[in-house]
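Worksheet: the structure to be examined is printed underneath.
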Amino acid sequence: MELLESQVHFWFTPLAETDPRVPELGPLLSSEEIQRAERFHFEKDRCSFIISHGVLRQLLGQYLSLKPQDIEYAIGPHGKPSLSSACGDRSLHFNMSHTDGMAVFAVTRNRQIGVDVERLDREVEDRDELAASYFSPQETDVYRSLSEADRVEGFLNCWTRKESYIKARGDGLTCPLDSFQVTLRPGDQAKLLAVQQGRTEDWSMVSLEPLRDYKAAITAEATWRLADLGEFYNT
């Protein structure tokens, strides 16, 4: 699968407990991934893990011309996976996120990348309190200025953009959510407005809705263009 230096590819796939791909995808996982899958208490969560991680292996295998089961990962200091040297082409960078009913994947070359997805109809308890606790003061002010009808989308705009930025940096919880600022007002272009570490111009982001009930965001280093938006179901 061709992926140019200036491009980001975005893929999504459905997640369901009754998905017929589970028997096919399970054997593609590593022994460590299989052990993680077996630790889930609910069958729905186990199936979602198998599908999302199995599809990721299928995707990376197509980019690298490798068998999915031959993909090996290296884990960063804060848990972010990347390709190990055994895969040959370490220019390929990727990230994955999943929520109820969907997994999303972003792939690029020679740049750090992060992706996040949430359901638009997800019930979020204490949304206003979460915004006050985790958004920057400027973001909180914008959020509070929104009408009640716009607050759900505004909250998820902010949340997905922040999560994608943290995942792109690979800093995990060491990067506080209120230490940087993103746009969140419905209709505004996704953008990193302020950071305490580094420069805003070193990163760019997009917000997208792969399906009507979902909102996602991608953050990656430097400038790039979203080249593909597609559902990945069959190899």
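Residue numbering restarts at 1 for every chain of the structure tokens, chains are lettered A, B, ... in their displayed order, and ligands are numbered from 1 as they appear.
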* Surrounding residues of Glu163 in chain A excluding itself and chain neighbours under 3 positions, 12 Å, only C-alpha atoms, as a ChimeraX atom specification -> /A:95-97,113-118,134-135,156-160,166-173,175-178,180-182,192,205,207,216-219
* Just list the residues in chain A DSSP gives strand (DSSP E) on the backbone, as a PyMOL selection string. => chain A and resi 7-14+73-75+81-83+92-99+102-109+113-119+180-182+192-195+203-208+214-221+225-231
* To do: Go through range 91-213 of chain A and collect every residue that DSSP, computed from the backbone, puts in helix (DSSP H, G or I); the answer should be as a VMD selection string.
  => chain A and resid 127 to 134 137 to 145 148 to 169 172 to 174 177 to 179 200 to 202
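Contact shell of Ala227 in chain A at 6 Å (only C-alpha atoms; same-chain neighbours under 4 positions omitted): Gln7, Val8 and His9 of chain A.
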* To do: Do a neighbour search on range 58-74 of chain A at 9 Å with only C-alpha atoms, toss out local chain neighbours closer than 3 positions, and write the hits as a PyMOL selection string.
  => chain A and resi 1-3+11+25+27-30+53-55+80-89+92+94+105+107+232+235
* Within 9 Å of range 198-204 of chain A, counting only C-alpha atoms, which residues qualify if same-chain residues fewer than 2 places away don't, as a PyMOL selection string? -> chain A and resi 165+190-196+206+218-224
* Asked: Which of these residues is nearest to Asp228 in chain A, using only C-alpha atoms: A:Ala16, A:Val22, A:Cys47, A:Ala106?
  -> A:Ala106
* Just how far from CA of Glu24 in chain A is CA of Glu38 in chain A, in Å to one decimal? -> 16.2 Å
